[in-house]
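Engineer: Contents of start01.txt (compact mmCIF, C-alpha atoms and all ligand atoms):
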# COMPACT_ATOMS: atom_id res chain seq x y z
CA MET A 246 96.33 141.52 76.89
CA GLN A 247 93.68 140.34 79.36
CA SER A 248 92.30 137.76 76.91
CA GLU A 249 95.82 136.62 76.03
CA ARG A 250 96.51 135.98 79.69
CA GLN A 251 93.21 134.16 80.03
CA ALA A 252 94.06 131.99 77.04
CA GLN A 253 97.42 131.17 78.67
CA VAL A 254 95.71 130.23 81.96
CA ILE A 255 93.33 127.94 80.07
CA LEU A 256 96.22 126.29 78.21
CA ASP A 257 98.13 125.79 81.48
CA ARG A 258 95.15 124.32 83.29
CA LEU A 259 93.93 121.94 80.60
CA ASN A 260 94.14 118.23 81.37
CA THR A 261 94.52 117.63 77.68
CA ALA A 262 98.08 117.51 76.38
CA ILE A 263 98.37 119.90 73.45
CA LEU A 264 101.24 119.91 70.96
CA THR A 265 101.81 121.67 67.71
CA CYS A 266 104.09 120.35 64.96
CA ASP A 267 105.62 121.69 61.78
CA PRO A 268 105.32 119.79 58.46
CA ASP A 269 108.49 117.78 59.28
CA LEU A 270 106.74 116.55 62.43
CA ASN A 271 109.03 118.51 64.73
CA VAL A 272 107.33 119.78 67.88
CA THR A 273 106.91 123.56 67.92
CA ALA A 274 104.99 124.00 71.21
CA MET A 275 103.61 121.98 74.11
CA ASN A 276 101.42 122.89 77.11
CA PRO A 277 102.13 121.85 80.77
CA ALA A 278 99.75 118.85 80.53
CA GLY A 279 101.95 117.67 77.61
CA GLU A 280 105.08 118.17 79.71
CA GLN A 281 103.44 116.17 82.48
CA MET A 282 102.31 113.36 80.18
CA PHE A 283 105.63 112.91 78.37
CA GLY A 284 107.94 113.90 81.24
CA VAL A 285 109.87 116.50 79.22
CA SER A 286 109.81 120.28 79.30
CA ALA A 287 108.43 122.21 76.32
CA LYS A 288 111.87 123.80 75.96
CA GLN A 289 113.63 120.43 75.71
CA ILE A 290 111.29 119.05 73.06
CA ARG A 291 110.98 122.14 70.88
CA GLN A 292 112.21 121.46 67.33
CA ARG A 293 112.73 117.79 68.11
CA SER A 294 110.86 115.05 66.33
CA LEU A 295 107.40 114.05 67.57
CA ALA A 296 108.56 110.43 67.48
CA THR A 297 111.11 111.05 70.29
CA LEU A 298 108.20 111.42 72.74
CA VAL A 299 107.35 107.72 72.29
CA PRO A 300 110.74 106.17 71.44
CA MET A 301 109.64 102.55 71.92
CA ASP A 302 106.94 102.80 69.29
CA PRO A 303 107.32 106.06 67.35
CA ALA A 304 104.56 105.15 64.92
CA THR A 305 101.86 105.59 67.59
CA LEU A 306 102.15 109.36 67.18
CA SER A 307 103.72 109.83 63.76
CA THR A 308 101.31 107.57 61.82
CA PRO A 309 98.14 109.54 62.69
CA ALA A 310 100.10 112.79 62.18
CA LEU A 311 101.17 111.70 58.69
CA LYS A 312 97.60 110.57 57.95
CA ALA A 313 96.24 114.00 58.95
CA LEU A 314 98.94 115.66 56.83
CA SER A 315 98.29 113.62 53.70
CA SER A 316 94.49 113.76 53.92
CA ASN A 317 94.44 117.33 55.27
CA GLN A 318 91.67 116.11 57.57
CA GLN A 319 91.24 115.62 61.28
CA VAL A 320 92.20 112.16 62.61
CA THR A 321 90.71 110.88 65.88
CA ALA A 322 91.22 107.67 67.85
CA HIS A 323 90.06 106.34 71.22
CA ASP A 324 91.65 104.15 73.88
CA VAL A 325 95.05 104.01 72.21
CA THR A 326 97.87 102.65 74.35
CA ILE A 327 101.11 104.63 74.02
CA THR A 328 104.40 103.73 75.68
CA LEU A 329 106.30 106.69 77.12
CA ALA A 330 110.06 107.18 77.24
CA GLY A 331 110.41 105.57 80.72
CA GLY A 332 108.55 102.43 79.56
CA ARG A 333 105.26 103.35 81.26
CA SER A 334 102.16 102.78 79.14
CA ILE A 335 99.09 104.99 79.24
CA LYS A 336 95.77 104.95 77.42
CA VAL A 337 94.78 108.07 75.51
CA ASP A 338 92.15 109.50 73.20
CA TYR A 339 93.77 111.68 70.55
CA THR A 340 92.87 114.08 67.80
CA VAL A 341 95.25 115.41 65.12
CA THR A 342 94.01 118.53 63.33
CA PRO A 343 95.68 120.26 60.36
CA LEU A 344 96.19 123.93 61.28
CA HIS A 345 95.44 125.85 58.11
CA GLU A 346 95.88 129.20 59.92
CA SER A 347 99.54 128.47 60.84
CA GLY A 348 100.58 127.58 57.31
CA GLN A 349 100.51 124.48 55.18
CA GLY A 350 101.28 121.24 56.98
CA HIS A 351 101.20 122.47 60.58
CA LEU A 352 99.36 120.23 63.02
CA LEU A 353 97.60 120.50 66.36
CA ILE A 354 97.68 117.29 68.42
CA GLU A 355 95.43 116.80 71.46
CA LEU A 356 95.89 113.82 73.76
CA LEU A 357 93.68 113.06 76.75
CA GLN A 358 94.77 110.36 79.15
CA VAL A 359 91.71 108.24 79.82
CA ASP A 360 93.08 105.90 82.49
CA GLY A 361 94.42 108.83 84.60
CA PHE A 362 90.92 109.94 85.51
CA LEU A 363 90.23 106.55 87.00
CA ASP A 364 93.29 107.06 89.20
CA ILE A 365 92.05 110.45 90.42
CA ALA A 366 88.63 109.02 91.26
CA ARG A 367 90.22 106.03 92.99
CA ASP A 368 92.58 108.30 94.93
CA GLN A 369 89.67 110.36 96.18
CA LEU A 370 87.63 107.28 97.08
CA ARG A 371 90.58 105.91 99.02
CA MET A 372 91.03 109.17 100.91
CA ASP A 373 87.30 109.27 101.81
CA GLN A 374 87.29 105.63 102.94
CA PHE A 375 90.49 106.21 104.84
CA ALA A 376 89.02 109.21 106.69
CA ALA A 377 85.96 107.15 107.68
CA ASN A 378 88.13 104.21 108.83
CA ARG A 379 90.40 106.51 110.77
CA ASP A 380 87.47 107.98 112.71
CA VAL A 381 86.25 104.50 113.68
CA LEU A 382 89.77 103.49 114.71
CA ARG A 383 90.32 106.64 116.73
CA GLY A 384 87.07 106.12 118.59
CA LEU A 385 88.02 102.53 119.33
CA ALA A 386 91.55 103.45 120.37
CA HIS A 387 90.21 106.11 122.70
CA GLU A 388 87.84 103.62 124.36
CA VAL A 389 90.69 101.14 124.90
CA LYS A 390 93.13 103.71 126.19
CA ASN A 391 91.30 104.75 129.37
CA PRO A 392 90.68 101.33 130.95
CA LEU A 393 94.19 100.35 129.89
CA GLY A 394 95.63 103.09 132.11
CA GLY A 395 93.57 101.82 135.01
CA LEU A 396 94.66 98.23 134.39
CA ARG A 397 98.34 99.17 134.35
CA GLY A 398 98.02 101.35 137.50
CA ALA A 399 96.22 98.55 139.37
CA ALA A 400 98.90 96.02 138.38
CA GLN A 401 101.60 98.38 139.65
CA LEU A 402 99.83 98.81 143.01
CA LEU A 403 99.37 95.07 143.27
CA GLU A 404 103.04 94.49 142.54
CA ARG A 405 104.04 96.65 145.49
CA GLN A 406 101.97 94.43 147.82
CA LEU A 407 103.61 91.27 146.59
CA SER A 408 106.73 89.81 148.08
CA ASP A 409 106.83 86.52 146.19
CA ARG A 410 109.11 86.92 143.11
CA ASP A 411 107.34 84.12 141.23
CA VAL A 412 103.94 85.78 141.62
CA LYS A 413 105.43 89.17 140.76
CA GLN A 414 106.29 87.95 137.30
CA TYR A 415 102.56 87.88 136.52
CA THR A 416 102.08 91.55 137.34
CA ARG A 417 105.20 92.26 135.23
CA ILE A 418 103.50 90.52 132.31
CA ILE A 419 100.33 92.61 132.80
CA ILE A 420 102.36 95.85 132.86
CA HIS A 421 104.47 94.85 129.87
CA GLU A 422 101.46 93.83 127.78
CA ALA A 423 99.55 96.97 128.81
CA ASP A 424 102.52 99.05 127.60
CA ARG A 425 102.59 97.17 124.31
CA LEU A 426 98.88 97.69 123.82
CA ARG A 427 99.23 101.36 124.71
CA HIS A 428 101.90 101.75 122.01
CA LEU A 429 99.62 100.03 119.47
CA VAL A 430 96.66 102.18 120.47
CA ASP A 431 98.77 105.35 120.17
CA ARG A 432 99.72 104.32 116.63
CA MET A 433 96.06 103.58 115.83
CA MET A 434 95.15 107.12 116.85
CA GLY A 435 97.38 108.38 114.03
CA VAL A 436 98.17 112.09 113.82
CA THR A 437 96.52 113.66 116.83
CA ARG A 438 98.56 116.80 117.37
CA PRO A 439 98.32 119.67 114.91
CA ILE A 440 101.14 119.79 112.39
CA LYS A 441 103.95 122.16 113.37
CA GLU A 442 104.47 124.01 110.13
CA ILE A 443 107.98 125.11 109.31
CA ALA A 444 109.93 125.36 106.08
CA VAL A 445 111.08 121.79 105.42
CA ASN A 446 113.77 120.72 102.99
CA ILE A 447 112.57 117.30 101.79
CA HIS A 448 116.17 116.19 101.24
CA GLU A 449 116.90 116.69 104.95
CA VAL A 450 113.94 114.42 105.70
CA LEU A 451 115.25 111.74 103.32
CA GLU A 452 118.81 112.02 104.56
CA HIS A 453 117.65 111.64 108.16
CA VAL A 454 115.76 108.45 107.26
CA ARG A 455 118.69 107.16 105.21
CA LYS A 456 121.07 107.55 108.15
CA LEU A 457 118.64 105.86 110.55
CA ILE A 458 118.21 102.91 108.20
CA LEU A 459 121.92 102.54 107.52
CA VAL A 460 122.67 102.54 111.25
CA GLU A 461 119.92 99.99 111.89
CA PHE A 462 120.78 97.73 108.96
CA GLN A 463 124.47 98.11 108.33
CA GLN A 464 124.93 95.27 105.90
CA GLY A 465 123.32 94.28 102.68
CA ILE A 466 121.01 97.27 102.16
CA THR A 467 122.16 99.97 99.74
CA VAL A 468 120.36 103.30 99.59
CA GLU A 469 120.85 105.12 96.29
CA ARG A 470 119.99 108.82 95.99
CA ASP A 471 118.86 110.70 92.93
CA TYR A 472 117.90 114.16 94.16
CA ASP A 473 116.82 117.23 92.24
CA PRO A 474 118.78 119.90 94.14
CA SER A 475 116.58 122.71 92.80
CA LEU A 476 113.49 121.59 94.76
CA PRO A 477 111.94 124.34 96.88
CA ALA A 478 111.19 123.95 100.59
CA LEU A 479 107.68 122.95 101.58
CA ARG A 480 105.74 123.99 104.66
CA GLY A 481 105.17 121.08 106.95
CA ASP A 482 106.04 119.12 110.05
CA LYS A 483 109.52 117.69 109.65
CA ASP A 484 109.20 115.03 112.36
CA GLN A 485 105.96 113.74 110.93
CA LEU A 486 107.33 113.63 107.40
CA ILE A 487 110.33 111.69 108.70
CA GLN A 488 107.89 109.26 110.32
CA ALA A 489 105.93 108.83 107.07
CA VAL A 490 109.03 108.17 104.96
CA LEU A 491 110.53 105.93 107.64
CA ASN A 492 107.40 103.74 107.65
CA MET A 493 107.71 103.22 103.90
CA VAL A 494 111.44 102.61 103.99
CA ARG A 495 111.10 100.15 106.91
CA ASN A 496 108.61 98.20 104.79
CA ALA A 497 111.12 98.15 101.94
CA VAL A 498 113.81 96.87 104.29
CA ASP A 499 111.44 94.22 105.66
CA ALA A 500 110.63 93.11 102.12
CA LEU A 501 114.28 93.03 101.04
CA GLY A 502 115.48 90.88 103.91
CA GLU A 503 119.24 90.36 103.93
CA SER A 504 120.17 92.51 100.98
CA GLY A 505 118.78 94.77 98.31
CA LEU A 506 118.59 98.23 96.84
CA ILE A 507 116.42 101.15 97.94
CA LYS A 508 116.28 104.28 95.79
CA PHE A 509 115.26 107.75 96.91
CA ARG A 510 114.34 109.99 93.97
CA THR A 511 113.05 113.58 94.11
CA ARG A 512 111.60 115.59 91.26
CA ILE A 513 109.26 118.43 90.45
CA GLN A 514 106.02 117.16 88.97
CA ARG A 515 104.07 119.64 86.90
CA SER A 516 100.36 120.14 86.36
CA VAL A 517 99.03 117.45 88.62
CA TYR A 518 95.90 116.65 90.59
CA VAL A 519 96.43 115.74 94.22
CA GLY A 520 93.07 114.56 95.52
CA GLN A 521 90.81 116.83 93.53
CA GLN A 522 93.03 119.87 93.75
CA TRP A 523 95.02 120.91 90.72
CA HIS A 524 98.61 122.11 91.28
CA ARG A 525 100.94 123.76 88.85
CA CYS A 526 103.92 122.04 90.53
CA VAL A 527 104.36 119.61 93.40
CA ILE A 528 107.34 117.86 94.96
CA ARG A 529 107.51 114.19 94.00
CA VAL A 530 109.39 111.71 96.16
CA ASP A 531 109.82 108.13 94.96
CA ILE A 532 110.83 105.43 97.39
CA GLU A 533 111.65 102.36 95.37
CA ASP A 534 112.98 98.93 96.25
CA ASN A 535 113.94 95.90 94.21
CA GLY A 536 112.30 93.41 96.57
CA PRO A 537 109.65 90.80 95.78
CA GLY A 538 106.79 93.32 95.51
CA ILE A 539 103.47 93.56 97.33
CA PRO A 540 101.18 90.56 96.87
CA GLU A 541 98.67 91.51 94.18
CA HIS A 542 95.61 90.84 96.32
CA LEU A 543 96.89 93.52 98.76
CA HIS A 544 97.53 96.29 96.20
CA GLU A 545 94.20 98.00 96.78
CA ARG A 546 94.21 97.46 100.54
CA VAL A 547 97.69 98.15 101.91
CA PHE A 548 96.71 101.67 102.98
CA TYR A 549 93.91 100.37 105.18
CA PRO A 550 94.66 99.85 108.88
CA MET A 551 95.47 96.33 110.08
CA VAL A 552 96.27 95.02 106.60
CA SER A 553 99.55 93.17 106.79
CA ALA A 554 101.23 90.24 105.10
CA ARG A 555 103.88 90.01 107.82
CA ALA A 556 103.36 87.73 110.81
CA GLU A 557 104.71 90.36 113.21
CA GLY A 558 103.24 93.37 111.35
CA SER A 559 100.41 95.41 112.81
CA GLY A 560 99.42 96.89 109.45
CA LEU A 561 99.64 100.47 110.67
CA GLY A 562 102.81 101.78 108.98
CA LEU A 563 101.22 102.75 105.67
CA PRO A 564 97.93 104.13 107.06
CA ILE A 565 99.97 106.36 109.37
CA ALA A 566 102.15 107.49 106.46
CA GLN A 567 99.02 108.18 104.43
CA ASP A 568 97.48 110.14 107.31
CA ILE A 569 100.60 112.31 107.65
CA VAL A 570 100.84 112.96 103.92
CA ASN A 571 97.12 113.82 103.78
CA HIS A 572 97.67 116.33 106.59
CA HIS A 573 100.23 117.93 104.27
CA HIS A 574 97.59 118.05 101.48
CA GLY A 575 99.57 115.44 99.57
CA SER A 576 98.92 111.92 98.32
CA ILE A 577 100.71 108.58 98.01
CA GLN A 578 100.62 106.41 94.91
CA LEU A 579 101.78 102.84 94.65
CA HIS A 580 103.26 100.81 91.84
CA SER A 581 104.39 97.29 92.66
CA GLU A 582 105.57 94.31 90.67
CA PRO A 583 108.17 91.68 91.49
CA GLY A 584 111.55 93.44 91.49
CA CYS A 585 110.14 96.97 91.74
CA THR A 586 107.93 98.50 94.41
CA ARG A 587 107.61 102.26 94.23
CA PHE A 588 105.75 104.54 96.62
CA THR A 589 105.36 108.01 95.14
CA ILE A 590 104.60 110.85 97.54
CA LEU A 591 103.24 114.03 95.99
CA LEU A 592 103.57 117.08 98.21
CA PRO A 593 102.32 120.53 97.26
CA PHE A 594 104.78 123.20 98.32
CA ASN A 595 102.58 126.22 97.84
CA THR A 596 99.16 125.03 98.97
CA GLN A 597 97.95 128.58 99.56
CA GLY A 598 98.87 129.69 96.07
CA SER A 599 97.26 126.69 94.41
CA ALA A 600 94.08 127.06 96.41
CA ASN A 601 93.79 130.66 95.28
CA GLU A 602 94.23 129.67 91.69
CA ARG A 603 91.23 127.36 91.71
N1 LIG B 701 108.05 97.77 99.82
C1 LIG B 701 107.25 96.74 100.07
N2 LIG B 701 107.50 95.53 99.51
C2 LIG B 701 106.68 94.47 99.76
N3 LIG B 701 105.57 94.53 100.54
C3 LIG B 701 105.28 95.70 101.11
C4 LIG B 701 106.08 96.87 100.91
N4 LIG B 701 105.52 97.89 101.58
C5 LIG B 701 104.42 97.40 102.18
N5 LIG B 701 104.27 96.08 101.91
C6 LIG B 701 103.16 95.21 102.34
O1 LIG B 701 102.14 96.03 102.87
C7 LIG B 701 101.77 95.58 104.17
C8 LIG B 701 101.29 96.75 104.99
O2 LIG B 701 102.37 97.60 105.37
P1 LIG B 701 102.25 98.45 106.71
O3 LIG B 701 103.52 99.21 106.89
O4 LIG B 701 100.99 99.22 106.70
O5 LIG B 701 102.11 97.36 107.84
P2 LIG B 701 103.21 96.34 108.40
O6 LIG B 701 104.55 96.68 107.87
O7 LIG B 701 102.71 94.97 108.13
O8 LIG B 701 103.13 96.60 109.97
P3 LIG B 701 103.71 97.86 110.80
O9 LIG B 701 104.27 98.82 109.81
O10 LIG B 701 102.52 98.43 111.50
O11 LIG B 701 104.72 97.29 111.68
C9 LIG B 701 103.01 94.88 104.69
O12 LIG B 701 102.66 93.90 105.65
C10 LIG B 701 103.60 94.25 103.43
O13 LIG B 701 102.96 93.03 103.18
MG MG B 702 105.28 98.63 108.04
Could you spell out this file's structure in structure tokens?

Structural biologist:
Amino acid sequence: MQSERQAQVILDRLNTAILTCDPDLNVTAMNPAGEQMFGVSAKQIRQRSLATLVPMDPATLSTPALKALSSNQQVTAHDVTITLAGGRSIKVDYTVTPLHESGQGHLLIELLQVDGFLDIARDQLRMDQFAANRDVLRGLAHEVKNPLGGLRGAAQLLERQLSDRDVKQYTRIIIHEADRLRHLVDRMMGVTRPIKEIAVNIHEVLEHVRKLILVEFQQGITVERDYDPSLPALRGDKDQLIQAVLNMVRNAVDALGESGLIKFRTRIQRSVYVGQQWHRCVIRVDIEDNGPGIPEHLHERVFYPMVSARAEGSGLGLPIAQDIVNHHHGSIQLHSEPGCTRFTILLPFNTQGSANER
């Protein structure tokens, strides 16, 4: 029993997608990494044809399977691009092995995504660089904040001594600009207070942001919702999560201009690495817009502070969102092309449990 359970744990934790097929190439079993790769549950795919996993180009899986069947030998290939049901392409190494033990014609298929590992490494590198940048920024912000208070106080005192309205306008400018700088510096400091952990329903966060946006921009912007109502609550700071989502949605609105479509989508994502921590399940939130997309030269840099393509932008919205999501042990991924920009937030909802499982 113990070794059976251990075998199950190993199967669940593998990064390699594992499938078994009968001689008609119908799927008989699939592990969580397979569910994650193909975006279907093992239950849904059982007894359905292997080819349905890659509907755009069914031969990518069925040809090597047929080859292994006819030769009764293992078939292996590297760096093969397969297109998944949603149209996304990934690169995999695969091996198809005839399973003599399970009866004539049964197959074991192993697929390892090779480009995914690059993403994990890049994610981690970004988080490390971000942490280092944030420390520098915080130090700088702190240094600016103190003299700024003095400057504003002195301008206020000076204003009281002045009777000439024309001269007073200069002290007004000093006070106004000091306030603006103070606001900027506060944003540069990022998350300074500890997160107030409560049970948060992510849909309440999204609905709050949706209402704010629709009040602010009444015309032209449509917000479409595609929620998975079965999502569990997560432990986190609701106000901060609202701030993070709002920063991303404001960017979408800025990019869309007069009119456009923003989509909020929530799902459970199974067997996933967030940073370097593996989670059985996390909450996935997609914020997608059909605007012009992020300029390609900014793709790698938009999460860094002060990176902005907008004349009036301070380049702090995304770093702040990233900081908040990191405080919730989550991560943000970006996909952007003209007509589709998607920020995907992954949020663990049982961090304690996952940490114990490591
Ligand atoms: N959905 C999007 N579509 C197109 N470009 C985007 C989108 N989201 C972000 N960007 C680009 O990323 C840049 C950085 O965004 P970020 O929110 O960090 O800063 P900002 O919006 O310029 O300024 P701030 O949010 O501090 O007012 C933006 O200037 C914009 O060029
Ligand atoms: Mg912004």

Engineer: Show me the residues around (96.8, 103.5, 126.3) - criterion: an atom at most 12 Å away, only C-alpha atoms counted - as a PDB file with C-alpha atoms, in the coordinates of the input.

Structural biologist:
ATOM      1  CA  ARG A 383      90.320 106.640 116.730  1.00  0.00           C
ATOM      2  CA  LEU A 385      88.020 102.530 119.330  1.00  0.00           C
ATOM      3  CA  ALA A 386      91.550 103.450 120.370  1.00  0.00           C
ATOM      4  CA  HIS A 387      90.210 106.110 122.700  1.00  0.00           C
ATOM      5  CA  GLU A 388      87.840 103.620 124.360  1.00  0.00           C
ATOM      6  CA  VAL A 389      90.690 101.140 124.900  1.00  0.00           C
ATOM      7  CA  LYS A 390      93.130 103.710 126.190  1.00  0.00           C
ATOM      8  CA  ASN A 391      91.300 104.750 129.370  1.00  0.00           C
ATOM      9  CA  PRO A 392      90.680 101.330 130.950  1.00  0.00           C
ATOM     10  CA  LEU A 393      94.190 100.350 129.890  1.00  0.00           C
ATOM     11  CA  GLY A 394      95.630 103.090 132.110  1.00  0.00           C
ATOM     12  CA  GLY A 395      93.570 101.820 135.010  1.00  0.00           C
ATOM     13  CA  LEU A 396      94.660  98.230 134.390  1.00  0.00           C
ATOM     14  CA  ARG A 397      98.340  99.170 134.350  1.00  0.00           C
ATOM     15  CA  GLY A 398      98.020 101.350 137.500  1.00  0.00           C
ATOM     16  CA  ILE A 420     102.360  95.850 132.860  1.00  0.00           C
ATOM     17  CA  GLU A 422     101.460  93.830 127.780  1.00  0.00           C
ATOM     18  CA  ALA A 423      99.550  96.970 128.810  1.00  0.00           C
ATOM     19  CA  ASP A 424     102.520  99.050 127.600  1.00  0.00           C
ATOM     20  CA  ARG A 425     102.590  97.170 124.310  1.00  0.00           C
ATOM     21  CA  LEU A 426      98.880  97.690 123.820  1.00  0.00           C
ATOM     22  CA  ARG A 427      99.230 101.360 124.710  1.00  0.00           C
ATOM     23  CA  HIS A 428     101.900 101.750 122.010  1.00  0.00           C
ATOM     24  CA  LEU A 429      99.620 100.030 119.470  1.00  0.00           C
ATOM     25  CA  VAL A 430      96.660 102.180 120.470  1.00  0.00           C
ATOM     26  CA  ASP A 431      98.770 105.350 120.170  1.00  0.00           C
ATOM     27  CA  ARG A 432      99.720 104.320 116.630  1.00  0.00           C
ATOM     28  CA  MET A 433      96.060 103.580 115.830  1.00  0.00           C
ATOM     29  CA  MET A 434      95.150 107.120 116.850  1.00  0.00           C
TER      30      MET A 434
END

Engineer: Can you work out which one of A:Gly558, A:Pro474, A:Gly350, A:Gly481 has the shortest atom-to-atom distance to ligand MG 702 (chain B), counting only C-alpha atoms and all ligand atoms?

Structural biologist: A:Gly558

Engineer: Ligand MG 702 (chain B): which residues are within 10 Å, counting only C-alpha atoms and all ligand atoms? Reply as a list in words.

Structural biologist: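 Taking only C-alpha atoms and all ligand atoms into account, the residues around ligand MG 702 (chain B) at most 10 Å away are Leu491, Asn492, Met493, Val494, Arg495, Asn496, Ala497, Val498, Asp499, Ala500, Val547, Val552, Ser553, Ala554, Arg555, Glu557, Gly558, Ser559, Gly560, Leu561, Gly562, Leu563, Pro564, Ile565 and Ala566 of chain A.
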
Engineer: Put a box with edges along x, y and z around all the listed atoms of ligand LIG 701 (chain B), pad it by 4 Å on each side, then give me its centre and sizes in Å, one decimal, as AutoDock Vina command-line options.

Structural biologist:
--center_x 104.5 --center_y 96.1 --center_z 105.6 --size_x 15.1 --size_y 14.2 --size_z 20.2

Engineer: Looking at A:Val272, A:Leu403, A:Ala310, A:Ile263, which one is nearest to Gln358 of chain A, with distances taken over all atoms listed in the file?

Structural biologist: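 Ranked by minimum distance to Gln358 of chain A, first place goes to A:Ile263.
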
Engineer: Would you list the contacts of segment 326-333 of chain A as a PDB file with C-alpha atoms, in the frame of the given file, taking every protein, DNA or RNA residue within 8 Å and counting all atoms listed in the file, but skipping same-chain residues closer than 3 positions in sequence?

Structural biologist:
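Contents of the output file part_39.pdb:
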ATOM      1  CA  PHE A 283     105.630 112.910  78.370  1.00  0.00           C
ATOM      2  CA  LEU A 298     108.200 111.420  72.740  1.00  0.00           C
ATOM      3  CA  VAL A 299     107.350 107.720  72.290  1.00  0.00           C
ATOM      4  CA  PRO A 300     110.740 106.170  71.440  1.00  0.00           C
ATOM      5  CA  MET A 301     109.640 102.550  71.920  1.00  0.00           C
ATOM      6  CA  ASP A 302     106.940 102.800  69.290  1.00  0.00           C
ATOM      7  CA  THR A 305     101.860 105.590  67.590  1.00  0.00           C
ATOM      8  CA  LYS A 336      95.770 104.950  77.420  1.00  0.00           C
ATOM      9  CA  VAL A 337      94.780 108.070  75.510  1.00  0.00           C
TER      10      VAL A 337
END

Engineer: If I take atom CA of Ile513 of chain A and atom CA of Pro537 of chain A, how far is one from the other in Å, to one decimal?

Structural biologist: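 Atom CA of Pro537 of chain A lies 28.1 Å from atom CA of Ile513 of chain A.
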
Engineer: What separation in Å, quoted to one decimal, exists between atom CA of Leu506 of chain A and atom O12 of ligand LIG 701 (chain B)?

Structural biologist: 18.7 Å

Engineer: Can you pull out every residue within 12 Å of Gly284 of chain A, counting all atoms listed in the file, but drop anything in the same chain fewer than 2 positions away, and send it as number ranges by chain?

Structural biologist: A: 262, 275-282, 286-290, 297-299, 329-333, 512-516

Engineer: Give me the residues within 8 Å of Lys508 of chain A as a list of chain:residue names, counting all atoms listed in the file and dropping any in the same chain fewer than 3 places off.

Structural biologist: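 What passes the distance filter is A:Val468, A:Glu469, A:Arg470, A:Asp471, A:Asp531, A:Ile532, A:Glu533, A:Asp534.
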
Engineer: Between A:His544, A:Arg379, A:Arg405, A:His574, single out the one closest to ligand LIG 701 (chain B), counting only C-alpha atoms and all ligand atoms.

Structural biologist: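 The shortest atom-to-atom distance to ligand LIG 701 (chain B) comes from A:His544.
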
Engineer: For a quick check of understanding, using all atoms listed in the file, which of A:Gly538, A:Gly502, A:Pro583, A:Gly348 has the smallest distance to ligand LIG 701 (chain B)?

Structural biologist: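 Under the stated criterion, the closest residue is A:Gly538.
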
Engineer: Mind giving me the straight-line distance from atom CA of Val527 of chain A to atom CA of Leu591 of chain A in Å, one decimal?

Structural biologist: 6.3 Å

Engineer: Considering only C-alpha atoms, can you say which of A:Gln401, A:Met372, A:Asn595, A:Leu352 comes closest to Ile577 of chain A?

Structural biologist: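 Nearest candidate to Ile577 of chain A out of A:Gln401, A:Met372, A:Asn595, A:Leu352: A:Met372.
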
Engineer: Using all atoms listed in the file, which protein or nucleic acid residues come within 8 Å of Leu357 of chain A? Drop anything in the same chain fewer than 2 positions from it, and give the result as number ranges by chain.

Structural biologist: A: 260-262, 337-339, 355, 359

Engineer: If you count all atoms listed in the file, which residues fall within 10 Å of His453 of chain A, apart from same-chain ones fewer than 6 positions away, as an mmCIF file with C-alpha atoms, in the frame of the given file?

Structural biologist:
data_model
loop_
_atom_site.group_PDB
_atom_site.id
_atom_site.type_symbol
_atom_site.label_atom_id
_atom_site.label_comp_id
_atom_site.auth_asym_id
_atom_site.auth_seq_id
_atom_site.Cartn_x
_atom_site.Cartn_y
_atom_site.Cartn_z
ATOM 1 C CA ILE A 447 112.570 117.300 101.790
ATOM 2 C CA ILE A 487 110.330 111.690 108.700
ATOM 3 C CA VAL A 490 109.030 108.170 104.960
ATOM 4 C CA LEU A 491 110.530 105.930 107.640
#

Engineer: Taking all atoms listed in the file into account, which of A:Phe548, A:Val530, A:Leu295, A:Val570 comes nearest Gln374 of chain A?

Structural biologist: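 Looking at the shortest contact to Gln374 of chain A, the residue is A:Phe548.
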
Engineer: Using all atoms listed in the file, list the residues that have an atom at most 8 Å from (109.2, 119.9, 94.7), coordinates as in the file, as a list in words.

Structural biologist: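 The distance filter leaves exactly Leu476, Pro477, Ala478, Leu479, Thr511, Arg512, Ile513, Gln514, Cys526, Val527, Ile528, Arg529, Leu592, Pro593 and Phe594 of chain A.
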